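To start, the structure under review is shown below, and the notes come after it.
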Amino acid sequence: MDLSLYKAGTLEQHYEYRAFLPEPIHHAWIISDAEVLQLLSQADRALGELNAFAQLIPDIEFFISMYVAKEATQSSRIEGTQTNIEDAFKEAEDLDPEERDDWAEVQNYIQAINHAIARLSELPLSNRLLRETHAILMQGVRGEHKMPGEFRESQNWIGVSLKNAVFVPPHHDHVASLMSDMERFLHDDGTMVPPLIKIAIAHYQFETIHPFLDGNGRLGRLMISLYLASEGLLVKPALYLSDYFERNKTAYVDHLMAVRQGNHMRDWLIFFLHGVEQTARASAEVFRSILHLKEKIEREVLPRFSTRRQDNAQTLMRHLYARPVVDMKAVARILETTPNTATSLVNDMVAHDVLVEITGQRRNRLFMFKDYVALFRR
């Protein structure tokens with residue numbers, strides 16, 4: 001079917017409300033629009049450059065954890081949470097009580113990403129994996145009683161009430177068949193749909209089906225990264241679109257609604273492909289900046305430590321690239337040394353402008369690798 005002939009679906013009448021029933025997406029898509037094809041080429045090229053760059057970076061797994069934390073905070077922020085990226089690396093007791101619910105949702109998201117990426121080695125991106133990941137996403141947080149890990153068996157909606165909803169997804173009787181259709185579409189190479197076009201369409205469809213009672217937005221955005229990883233488009237999970245969606249939140253929501261209300265799939269694809277290209281190029285730039293910062297510290301800071309203290313300084317730095325917020329107890333544990341030795345090293349890192357104290361307290365102080373965290377706030 002040519003993209004210009006796409007029809008999103010129909011409204012299905014139910015008692016006192018109408019639900020949107022999307023058309024199945026598992027069929028051939030003919031993409032002949034010149035602007036879409038040009039953007040697809042640019043996005044593919046940017047993704048390829050990011051992939052090549054990521055493979056050249058030593059110890060990249062340390063840095064990936066920061067991308068995961070940024071994705072978790074930005075995706076959750078779209079849903080209304082207020083956790084910052086540095087908060088994601090704090091312990092619950094280091095936060096004010098009113099901040100802990102948001103923090104817990106971000107922690108679940110980090111755990112869900114890591115679980116899902118690991119599971120891809122033994123399980124394809126599938127409804128089974130999405131349900132597993134959803135169960136982790138919702139454990140012990142707001143929405144934990146809304147059937148974690150299970151497709152919904154009741155009607156949901158977006159808005160203040162079902163009668164006055166902004167959008168009513170399909171009736172729950174359709175969820176299983178629509179999700180099976182989406183799964184077949186993702187794995188059918190015979191449709192000859194380019195991967196980035198395929199996941200853009202699938203993301204729209206997932207958000208439109210809204211298959212769970214809660215957590216659909218976060219899981220739908222995570223599904224994009226899982227697909228890129230599962231298809232080998234990303235050797236390392238270093239591209240997440242939630243930051244782009246959060247910075248363009250109104251446009252993101254409007255584009256999804258425009259597909260449902262006016263069949264504007266072309267405009268959604270353009271918005272999505274712009275996001276992939278921008279995010280891939282920004283991620284590559286962050287990697288360049290990380291390497292520059294790492295080289296600067298190795299050239300200007302680490303040589304200032306005596307030979308006896310070099311191992312501890314280097315061990316702490318490796319840890320900070322993965323978890324850039326620490327306290328004195330954590331440093332002593334990481335280095336397997338005494339509190340006095342840990343305190344001395346942290347104080348030197350503060351003096352050399354690597355770490356900064358972020359609580360303003362005299363006890364239970366926390367220290368942040370400030371220049372590194374700043375790279376992920378751009």
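Naming scheme: A, B, ... for chains in displayed order of the structure tokens; residues 1 onward per chain; ligands 1 onward as shown.
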
Query - Picked from stretch 306-364 of chain A by DSSP as strand (DSSP E), as a PyMOL selection string - result: chain A and resi 325-326+355-357

Taking C-alpha atoms for each residue, export the selection above as a CSV table (one decimal), in the first residue's frame.
chain,number,residue,atom,x,y,z
A,325,VAL,CA,27.5,10.2,42.0
A,326,VAL,CA,29.3,8.7,45.1
A,355,LEU,CA,34.2,16.0,41.8
A,356,VAL,CA,31.9,18.6,43.4
A,357,GLU,CA,30.0,18.2,46.6

Report task. Please provide the set of residues having any atom within 8 Å of A:Ala238, restricted to only C-alpha atoms, with same-chain residues fewer than 6 positions apart removed, written as a PyMOL selection string. Result -> chain A and resi 54+64+67+283

Requested in this report: Can you check which residues of stretch 124-323 of chain A DSSP gives as alpha helix (DSSP H) on the backbone and send them as a PyMOL selection string?
Outcome: chain A and resi 127-137+175-187+195-209+216-230+242-247+249-262+265-300+307-322

**Report entry** Residue neighbourhood stretch 117-126 of chain A, 8 Å, only C-alpha atoms, exclusion window fewer than 3 positions, as a PyMOL selection string
**Finding:** chain A and resi 113-114+129-130+183+226-227+229-230+237

Report summary line: Of A:Phe63, A:Tyr15, A:Phe212, A:Phe245, the one nearest to A:Met147 when counting only C-alpha atoms is A:Phe212

Query raised in the report: For A:Ser32, which residue among A:Glu93, A:Asp2, A:Glu285, A:Glu12 is the nearest when counting only C-alpha atoms?
Result: A:Asp2

Report task. Write out as a ChimeraX atom specification which residues come within 12 Å of A:Leu178 when counting only C-alpha atoms, dropping same-chain ones fewer than 3 positions away. Result -> /A:21-26,127,151,169-175,181-185,202,205-211

Query raised in the report: Can you tell me, as a ChimeraX atom specification, what residues are no more than 8 Å from A:Leu39 when counting only C-alpha atoms, ignoring any on the same chain fewer than 5 positions away?
Result: /A:270,273-274

Keeping C-alpha atoms for every residue in the selection just given, could you write it to a file as a short mmCIF file (atom, residue, chain, number, x, y, z; two decimals), in the first residue's frame?
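again.cif, freshly written:
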data_model
loop_
_atom_site.label_atom_id
_atom_site.label_comp_id
_atom_site.auth_asym_id
_atom_site.auth_seq_id
_atom_site.Cartn_x
_atom_site.Cartn_y
_atom_site.Cartn_z
CA ILE A 270 9.28 12.92 8.95
CA LEU A 273 13.33 10.39 11.17
CA HIS A 274 14.40 13.92 12.11
#

Rows by chain and residue number, stretch 67-166 of chain A within 10 Å of stretch 317-324 of chain A, shortest pair, only C-alpha atoms, as JSON lines:
{"residue": "A:Tyr67", "atom": "CA", "partner": "A:Ala322", "partner_atom": "CA", "distance": 9.9}
{"residue": "A:Ala69", "atom": "CA", "partner": "A:Arg323", "partner_atom": "CA", "distance": 9.7}
{"residue": "A:Ile85", "atom": "CA", "partner": "A:Pro324", "partner_atom": "CA", "distance": 9.9}
{"residue": "A:Glu86", "atom": "CA", "partner": "A:Pro324", "partner_atom": "CA", "distance": 7.5}
{"residue": "A:Ala88", "atom": "CA", "partner": "A:Arg323", "partner_atom": "CA", "distance": 9.3}
{"residue": "A:Phe89", "atom": "CA", "partner": "A:Arg323", "partner_atom": "CA", "distance": 6.3}
{"residue": "A:Lys90", "atom": "CA", "partner": "A:Arg323", "partner_atom": "CA", "distance": 9.2}

Those residues you just picked out, can you put them in a file as a JSON list (two decimals), in the first residue's frame with C-alpha atoms?
[["chain", "number", "residue", "atom", "x", "y", "z"],
["A", 67, "TYR", "CA", 22.68, 6.86, 28.30],
["A", 69, "ALA", "CA", 19.97, 6.75, 33.00],
["A", 85, "ILE", "CA", 19.91, 12.38, 35.76],
["A", 86, "GLU", "CA", 22.14, 12.76, 38.83],
["A", 88, "ALA", "CA", 19.08, 8.41, 39.24],
["A", 89, "PHE", "CA", 22.45, 7.50, 40.79],
["A", 90, "LYS", "CA", 21.49, 8.37, 44.35]]
